[in-house]
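S.K.: A single structure is presented below for examination.
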Amino acid sequence: MPRTTIDLPYQVEHISILDEDGNLDHDLEPDLSEEFLLRLHRYMLLGRRFDERMLKLQRQGRIGTFAPIQGQEASQLGSVAALRDSDWMAPAFRESAAQLWRGQSMESFLLYYGGYFRGGEIPEGIRNLPVAIPVGTQILHAVGLGYAIKVHGQDDVAMVFFGDGATSEGDFHEAVNNAGVFKTPTIFVCQNNQYAISIPRSHQTQAKTLAQKALAYGVPGIQTDGNDILAVYVAAIEAVERARAGEGPTLIENVTYRLSVHTTADDPTRYRDEEEVAVWEKREPISRFQRYLKDKGMLTDNAITALEDEIKDEIAEAVDKAEERMETLKDEAITMFDHLYAERPAYLEEQRQAFAAHWEKA
Amino acid sequence: MPRTTIDLPYQVEHISILDEDGNLDHDLEPDLSEEFLLRLHRYMLLGRRFDERMLKLQRQGRIGTFAPIQGQEASQLGSVAALRDSDWMAPAFRESAAQLWRGQSMESFLLYYGGYFRGGEIPEGIRNLPVAIPVGTQILHAVGLGYAIKVHGQDDVAMVFFGDGATSEGDFHEAVNNAGVFKTPTIFVCQNNQYAISIPRSHQTQAKTLAQKALAYGVPGIQTDGNDILAVYVAAIEAVERARAGEGPTLIENVTYRLSVHTTADDPTRYRDEEEVAVWEKREPISRFQRYLKDKGMLTDNAITALEDEIKDEIAEAVDKAEERMETLKDEAITMFDHLYAERPAYLEEQRQAFAAHWEKA
Amino acid sequence: MAKMTMVQALNLALHQEMEKDDAILVLGEDVAVDGGVFRVTEGLLEKYGELRVIDTPLAESAIIGTAVGMAIHGLKPVCEIQFSGFSYLAFHQLESHAARMRWRSRGAYHVPLVLRTPYGGGVRALEHHSESRESYYAHTPGLKMVIPSSPRNARALLVSAMRDPDPVVFFEPKSIYRAFREEVPDEEEALPIGSAQVVREGNDLTLISYGAMMQPTLTAADRLAEEDGIQADVIDLLSISPLDEETCVNSVRKTGRVVIVNEAPRSFGPAAEVMARLIEKSFWYLEAPIRRVTGYDVIIPLFAYEQAYLPDAQRILRVARETLDVVS
Amino acid sequence: MAKMTMVQALNLALHQEMEKDDAILVLGEDVAVDGGVFRVTEGLLEKYGELRVIDTPLAESAIIGTAVGMAIHGLKPVCEIQFSGFSYLAFHQLESHAARMRWRSRGAYHVPLVLRTPYGGGVRALEHHSESRESYYAHTPGLKMVIPSSPRNARALLVSAMRDPDPVVFFEPKSIYRAFREEVPDEEEALPIGSAQVVREGNDLTLISYGAMMQPTLTAADRLAEEDGIQADVIDLLSISPLDEETCVNSVRKTGRVVIVNEAPRSFGPAAEVMARLIEKSFWYLEAPIRRVTGYDVIIPLFAYEQAYLPDAQRILRVARETLDVVS
Ligand SMILES: Cc1ncc(C[n+]2csc(CCOP(=O)(O)OP(=O)(O)O)c2C)c(N)n1
Ligand SMILES: Cc1ncc(C[n+]2csc(CCOP(=O)(O)OP(=O)(O)O)c2C)c(N)n1
Ligand SMILES: [Mg+2]
Ligand SMILES: [Mg+2]
């Protein structure tokens, strides 16, 4: 009768396999093929270089604002690597590496951030949702996707990405809670990159970890070293397998760091120190993974150089194609009247015609 | 480096002092004066009888829909008993006993549920917010009140009530999280009465308890036997003291039961069994507390009878006064133009005058 | 063919469409076991099971947000928000996602979602239970906004809403949920979204309204005929967006005089848009200023005064007569 | 007196009022350490400390909901919502509480809250960063809705908003945040909420607009004068609600011709209400149908086409000329 402690059905773990000094926990190391590991590496590098290129294009005024991913390559790719094509993926706005892995083209990003809504097109057969700008709101969509998967009797899963800041939004709460109640096959991947624009993680919530928020919903939660692609992958694949088996959702917190600006409109020197960034530079995911691959004899410096060249060309080609495309799209402002409804209602057709008749700006 | 369990800074407890069979945990029994205990008892009885009377008035068409409190008297009064007058209290829509304790009149309830917005008036000097109908939305107000208390340099607290269902709303999440971050002196009192209209607690969240949701915010959480007014009081006073001392918010879950209908528009036989209700009838808070008071020699059957009579008269008087008041207010529909803004803008004054000139319905 | 209340007619629409189309599911607070607080979803759980008839946790944003996900993956969620006054908790999911997913993905995904919700005054309810804020939704590109006015058109419009490939906000006038019965055919019936109906013909005056306000509007029209020998064209908009301006314009070109009735607050309300369209398309036909009879720009009062707030036949009649009295 | 951008002028208003009134505090995402993503709140943290200049967690409903509580207990919270497209996450707190607390408590409590938020297109921003949906707020009883158009009136109106005892939604036209400078007096200046300004006088035509659209509207007026010899009365509404119908009506009674410009979507937008008021109050003075130049009823496109979406001087000019050409 007196004061008793409430028993929680599980605890929240932290997982780390390959640390920043290159130490490896052999017991936890996942058994992945060389091909798969090299593919992961390739996309990490592609993600990084593409990001750097976009930053330059933005500075040159050739595209608009976007959110760089530098430092978060492992957190993104380790997660989506656990998915298959028929699974669903819902990004926030800082998941270009994950989206590239899942089949979207660099060209589409360039169009999108170049101000062309055509960049939001999702190619047939690819199950990624478009970028979601209002923070945290996309998390619910992955619960609905998961529910639909159940209704269709499939064993796919839906994985959704969001940031540390997003966990403060009501939609995060409603999403994980509903997923718990309906046991939807949803993987909630929080990329805790330590900042929501200028707000540090410590100011976002008094909770020690974001993973422990899972306890509020009776749902498993796990925290990873989000710059360790092996740890990220292991957490993701466990969650995916549980979801496929009908055991419901998981909340994963990947502890990582945004090495670059929030978006190209941001000046991080206003709110964080160089020293802090330097610490995280050392924990950076790509070099750590390269060392691992080299140790395993899967990668050499020469191979990296060759790969870098290959990627450089691919990116250059994508930029050329995208800029050509923008040129041809430039005068198609009238397409703003498309795709609002399946059929354009009369009043909108009238507005469209007025536009066509009078528009002199293009 | 491998898998490690995340250490949480505290655990969630359940507290019970006076159980349904009358067993008392003497170690935990709070040291309260006879006068205070009898006052609590009086308000429990008043709350119950007033509720019963309102139900009859509603059935007779003399007032409209309202939300009965039967079974939740301990959960409400044990909580507000920990407050002083200068503290703030924010109810949902099922806290009449708490509001009466905090100085609102029965007449005001009758007016309000009789359809007169005058019932929403808050008497000078009383720090209760008005009834909040949109579930969970008032929780944030208590964070703001708490913040203002801090800005004013006071050691008051703000206590907010809400139901089990409300914990699923995003606003609950944002409120407790913000209170944690700002360490506001806010007491979150969840009256878990097992249902949100027809939805049982088990369907509201997969979490075993609602108290454990505090872990998501790094905030203390505690669960009580919400039909045990001593346990409720002890949890509340601990939280209040912590808040006054500048140590921030607490989430309290009072486990109780709604013995009556959700509102007078509801038919609970559609979603719950008589047997379940019968089990909870036995756990009912008033008779349990009366046994305790009798055991302590503070209360007799005669005293109860006398008190019942007194209360009956008070209620009858309030009903008479309220109905008289309604009669005089009947024709004051034009007051709908009052209190929207401090000063009535021109367009609204024009509408008001048109109303005055033409209204033929009253 | 049976005489039905609007609640029964809506329930019929749900039963028949769920029977025909496995993709439809119903979700909301208390919609399954309890059959909905107004019983619109009664019997669906028993027939279609708990995977398709879903009692959700108490979270409006989640209802709409999960429905967006469901819709993207091939389902047709019919969401109930218990009262329209609580739909604001989901406003961002509607505005920012449901209304935009087709547009954002350039047609790759679409969101055939229906948001059903009771709206409007007149049932002696609590605060937040009596509002009429269809303008919020009508002003939002990407949504459609439908409000029926009788059992039969409620059923036929809900059927269309469920078949619509885009999100439809469907306001149900709760004050006439059970106020009268109407013959509703057993066989399927659908009414096109975006089409108004002329429900009474006349050449002297145009009365335009919709939803629960059709009742006092028709009463006013009857009284004009009886007491004044005035024949009014009465238009039931049925859809607020898309607005059937053609039907309105045609009538006004004939009558030259028009009164628009809505129970929403006056300023920036639906009547203003109808006025705007008529000015744009039939200005030269007007013989008197267009008038509107609306709710006042205050919060609808608790029920003791709600009838004083709501437009009624008397107010409509007065304004109609003033409009008829104008010498042009 | 100094030449300032609108951002600087707003910043000045905040600094001066916080200095004068201890009850004012500023809260929002990134408003303190970062000084706001547009730097409107720059320097406030250093001067007024972290108790009064609050970086909040990322939760809009919490920003408004906690501000309601703060306001009830004697503070005057000035909330920043980072972009108006994210204010919908707090819509229920505004509609259901901020707008109603005075009414609900019959004057016992009131909510002197300001919601500042950048709105509108033209800055090459991402999706959800360019909308103009002031109608949602203007249609909500209990709120006021203000939109300045220049550094000087922005400062003077923000001061009034902070002094207003009731909740004010204050939309800041971000495309002119830094587009031009204007002399802003050092000494205090406040402009009454609910009053429009005639910013250019003429007898031939009335042009009514507000916010960022004042720029193309004034350009069109200049060109009408230069190219057509037409003198337009140009009205800057400044407040959307309360709407200063008197100023509009007086002008139209003089000119008989009117074009209303807003960048919001056309249907159920602000221009419709202005049209309705003019019909009600100046119908017989109209020599041509009232026209509106607005955003289209689509989602404002990503930035490659946003200039095509936004009304510009050319479109205003064309419609103005059509209106002038009407032979009445
Ligand atoms: C609902 C909403 N509020 C505010 C913003 C503006 N905003 C864009 S990103 C961002 C911070 C997001 O932080 P986090 O969730 O940690 O993701 P990160 O940017 O770090 O990847 C904010 C405040 C927004 N896009 N949506
Ligand atoms: C935002 C919102 N959604 C729905 C409703 C309708 N409604 C009123 S009470 C209620 C259930 C509330 O359950 P709980 O929070 O457990 O409180 P209880 O009624 O049990 O005291 C619902 C769904 C509402 N008032 N507000
Ligand atoms: Mg972040
Ligand atoms: Mg409950």
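Chain labels run A, B, ... following the order of the structure tokens; each chain numbers its residues from 1, and ligands are numbered from 1 in the order shown.
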Just need the residues of chain A within 8 Å of chain D, counting only C-alpha atoms, so spit them out as a ChimeraX atom specification.

M.R.: /A:64-65,113-117,133-134,165-166,168-170,196-199,203-205,266,270-271,330,333,336-337,340,348,351,358-359,361-362

S.K.: Using only C-alpha atoms and a distance of at most 8 Å, pull out the residues of chain B that contact chain A, as a PyMOL selection string.

M.R.: chain B and resi 1-6+8+11-17+19+25+28+168-174+177-178+180-181+203-208+210+212-219

S.K.: Considering only C-alpha atoms, can you say which of D:Leu44, D:Ala179, D:Val146, D:Met214 comes closest to Ser195 (chain D)?

M.R.: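 Among D:Leu44, D:Ala179, D:Val146, D:Met214, it is D:Val146 that comes nearest to Ser195 (chain D).
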
S.K.: Only residues of chain D matter here; which ones have an atom within 7 Å of chain C, counting only C-alpha atoms? Give them as a list of chain:residue names.

M.R.: D:Tyr88, D:Leu89, D:Phe91, D:His92, D:Ser135, D:Tyr136, D:Ala138, D:His139, D:Pro141, D:Ser267, D:Phe268, D:Gly269, D:Pro270, D:Ala272, D:Glu273, D:Met275, D:Ala276, D:Ile279, D:Glu280, D:Phe283, D:Pro289, D:Ile290, D:Arg291, D:Asp297, D:Val298, D:Ile299

S.K.: Considering only strand (DSSP E or B) as DSSP defines it on the backbone, what residues of region 127-311 of chain B qualify? List them as a list in words.

M.R.: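 Written out, the strand (DSSP E or B) residues of region 127-311 of chain B are Asn128, Ala158, Met159, Val160, Phe161, Phe162, Gly163, Thr186, Ile187, Phe188, Val189, Cys190, Gln191, Asn192, Tyr195, Ala196, Ile199, Pro200, Gly221, Ile222, Gln223, Thr224, Asp225, Thr250, Leu251, Ile252, Glu253, Asn254 and Val255 of chain B.
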
S.K.: Quick one: write out the picked residues with N, CA, C and O atoms as a CSV table (one decimal), in the first residue's frame?

M.R.:
```
chain,number,residue,atom,x,y,z
B,128,ASN,N,-8.9,31.4,-10.2
B,128,ASN,CA,-9.2,30.3,-11.0
B,128,ASN,C,-9.4,30.7,-12.4
B,128,ASN,O,-10.0,31.7,-12.7
B,158,ALA,N,1.0,27.2,-9.9
B,158,ALA,CA,-0.2,27.1,-10.8
B,158,ALA,C,-0.5,25.6,-10.9
B,158,ALA,O,0.4,24.8,-11.2
B,159,MET,N,-1.7,25.3,-10.6
B,159,MET,CA,-2.2,23.8,-10.7
B,159,MET,C,-3.2,23.7,-11.8
B,159,MET,O,-4.1,24.5,-11.9
B,160,VAL,N,-3.0,22.7,-12.6
B,160,VAL,CA,-3.9,22.6,-13.8
B,160,VAL,C,-4.4,21.1,-13.8
B,160,VAL,O,-3.7,20.2,-13.5
B,161,PHE,N,-5.7,21.0,-14.0
B,161,PHE,CA,-6.4,19.7,-14.1
B,161,PHE,C,-6.7,19.3,-15.5
B,161,PHE,O,-7.0,20.2,-16.4
B,162,PHE,N,-6.6,18.0,-15.8
B,162,PHE,CA,-7.0,17.5,-17.1
B,162,PHE,C,-7.2,16.0,-16.9
B,162,PHE,O,-6.8,15.4,-15.9
B,163,GLY,N,-7.8,15.4,-18.0
B,163,GLY,CA,-8.1,14.0,-17.9
B,163,GLY,C,-7.1,13.1,-18.5
B,163,GLY,O,-6.1,13.5,-19.0
B,186,THR,N,4.6,24.7,-11.8
B,186,THR,CA,3.3,24.2,-12.3
B,186,THR,C,3.1,22.8,-11.8
B,186,THR,O,4.0,21.9,-11.9
B,187,ILE,N,1.9,22.5,-11.3
B,187,ILE,CA,1.5,21.2,-10.9
B,187,ILE,C,0.5,20.6,-11.9
B,187,ILE,O,-0.6,21.2,-12.1
B,188,PHE,N,0.9,19.6,-12.6
B,188,PHE,CA,0.0,19.0,-13.6
B,188,PHE,C,-0.8,17.9,-13.0
B,188,PHE,O,-0.2,16.8,-12.6
B,189,VAL,N,-2.1,18.0,-12.8
B,189,VAL,CA,-2.9,17.0,-12.2
B,189,VAL,C,-3.7,16.3,-13.2
B,189,VAL,O,-4.7,16.9,-13.7
B,190,CYS,N,-3.4,15.1,-13.5
B,190,CYS,CA,-4.1,14.3,-14.4
B,190,CYS,C,-5.1,13.5,-13.6
B,190,CYS,O,-4.7,12.6,-12.8
B,191,GLN,N,-6.4,13.7,-13.8
B,191,GLN,CA,-7.4,12.9,-13.2
B,191,GLN,C,-7.7,11.7,-14.2
B,191,GLN,O,-8.5,11.9,-15.1
B,192,ASN,N,-7.0,10.6,-14.0
B,192,ASN,CA,-7.3,9.5,-14.8
B,192,ASN,C,-8.5,8.8,-14.3
B,192,ASN,O,-8.5,8.0,-13.4
B,195,TYR,N,-11.7,6.8,-18.5
B,195,TYR,CA,-12.4,7.0,-19.8
B,195,TYR,C,-12.2,8.4,-20.3
B,195,TYR,O,-12.2,9.4,-19.6
B,196,ALA,N,-12.2,8.5,-21.7
B,196,ALA,CA,-12.3,9.7,-22.4
B,196,ALA,C,-13.6,9.5,-23.2
B,196,ALA,O,-13.5,8.8,-24.3
B,199,ILE,N,-13.7,6.0,-24.7
B,199,ILE,CA,-12.4,5.4,-24.9
B,199,ILE,C,-11.7,5.0,-23.6
B,199,ILE,O,-11.4,5.9,-22.8
B,200,PRO,N,-11.5,3.7,-23.4
B,200,PRO,CA,-10.9,3.4,-22.1
B,200,PRO,C,-9.4,3.8,-22.0
B,200,PRO,O,-8.7,3.9,-23.1
B,221,GLY,N,7.4,12.5,-11.7
B,221,GLY,CA,6.0,12.1,-11.9
B,221,GLY,C,5.6,11.1,-10.8
B,221,GLY,O,6.5,10.4,-10.3
B,222,ILE,N,4.4,11.1,-10.4
B,222,ILE,CA,3.9,10.3,-9.4
B,222,ILE,C,2.5,9.9,-9.6
B,222,ILE,O,1.7,10.6,-10.2
B,223,GLN,N,2.2,8.6,-9.2
B,223,GLN,CA,0.8,8.1,-9.4
B,223,GLN,C,0.2,7.9,-8.0
B,223,GLN,O,0.9,7.5,-7.1
B,224,THR,N,-1.1,8.3,-7.9
B,224,THR,CA,-1.7,8.1,-6.6
B,224,THR,C,-3.0,7.2,-6.8
B,224,THR,O,-3.5,7.1,-7.9
B,225,ASP,N,-3.4,6.6,-5.7
B,225,ASP,CA,-4.8,6.1,-5.6
B,225,ASP,C,-5.6,7.3,-5.5
B,225,ASP,O,-5.8,8.0,-4.5
B,250,THR,N,5.7,19.2,-11.5
B,250,THR,CA,5.5,17.8,-11.2
B,250,THR,C,4.3,17.3,-12.0
B,250,THR,O,3.3,18.1,-12.1
B,251,LEU,N,4.3,16.1,-12.5
B,251,LEU,CA,3.2,15.5,-13.1
B,251,LEU,C,2.6,14.5,-12.1
B,251,LEU,O,3.3,13.6,-11.7
B,252,ILE,N,1.3,14.7,-11.8
B,252,ILE,CA,0.6,13.7,-10.9
B,252,ILE,C,-0.5,13.0,-11.6
B,252,ILE,O,-1.3,13.7,-12.3
B,253,GLU,N,-0.5,11.7,-11.5
B,253,GLU,CA,-1.7,11.0,-12.0
B,253,GLU,C,-2.5,10.5,-10.9
B,253,GLU,O,-2.0,9.6,-10.1
B,254,ASN,N,-3.7,10.9,-10.8
B,254,ASN,CA,-4.6,10.4,-9.8
B,254,ASN,C,-5.5,9.3,-10.4
B,254,ASN,O,-6.3,9.7,-11.3
B,255,VAL,N,-5.3,8.1,-10.0
B,255,VAL,CA,-6.1,7.0,-10.6
B,255,VAL,C,-7.5,7.0,-9.9
B,255,VAL,O,-7.6,6.7,-8.8
```

S.K.: For Pro192 (chain D), list every protein, DNA or RNA residue within 10 Å, evaluated using only C-alpha atoms, and leave out those in the same chain fewer than 6 positions away; present the list as a VMD selection string.

M.R.: chain D and resid 156 to 157 159 to 161 164 238 to 239

S.K.: Next, dump the selected residues to file, keeping only N, CA, C and O atoms, as a short mmCIF file (atom, residue, chain, number, x, y, z; two decimals), in the first residue's frame.

M.R.:
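Okay, part.cif is ready:
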```cif
data_model
loop_
_atom_site.label_atom_id
_atom_site.label_comp_id
_atom_site.auth_asym_id
_atom_site.auth_seq_id
_atom_site.Cartn_x
_atom_site.Cartn_y
_atom_site.Cartn_z
N ALA D 156 5.27 52.28 -35.35
CA ALA D 156 4.18 52.94 -34.62
C ALA D 156 3.02 51.99 -34.36
O ALA D 156 2.33 52.09 -33.34
N LEU D 157 2.80 51.06 -35.26
CA LEU D 157 1.71 50.10 -35.05
C LEU D 157 2.12 49.02 -34.05
O LEU D 157 1.30 48.55 -33.26
N VAL D 159 4.06 49.42 -31.57
CA VAL D 159 3.90 50.07 -30.26
C VAL D 159 2.45 49.99 -29.81
O VAL D 159 2.15 49.57 -28.68
N SER D 160 1.53 50.33 -30.69
CA SER D 160 0.11 50.25 -30.33
C SER D 160 -0.32 48.83 -30.02
O SER D 160 -1.12 48.58 -29.11
N ALA D 161 0.19 47.88 -30.79
CA ALA D 161 -0.17 46.48 -30.55
C ALA D 161 0.28 46.07 -29.15
O ALA D 161 -0.44 45.40 -28.41
N ASP D 164 -2.01 47.50 -26.62
CA ASP D 164 -3.42 47.11 -26.73
C ASP D 164 -3.76 46.09 -25.64
O ASP D 164 -2.99 45.15 -25.41
N LEU D 238 -3.64 49.28 -43.18
CA LEU D 238 -2.88 49.14 -41.93
C LEU D 238 -3.50 48.14 -40.96
O LEU D 238 -2.82 47.25 -40.45
N SER D 239 -4.77 48.26 -40.68
CA SER D 239 -5.47 47.23 -39.91
C SER D 239 -6.41 46.49 -40.83
O SER D 239 -7.18 47.13 -41.57
#
```

S.K.: Please identify all polymer residues within 6 Å of Leu205 (chain D), counting only C-alpha atoms, omitting same-chain residues fewer than 4 positions from it, and present them as a ChimeraX atom specification.

M.R.: /D:232,255,257-258

S.K.: Using DSSP on the backbone, list every residue of region 124-344 of chain A that comes out as alpha helix (DSSP H), and give them as a ChimeraX atom specification.

M.R.: /A:139-151,170-182,201-204,229-244,274-282,285-295,301-329
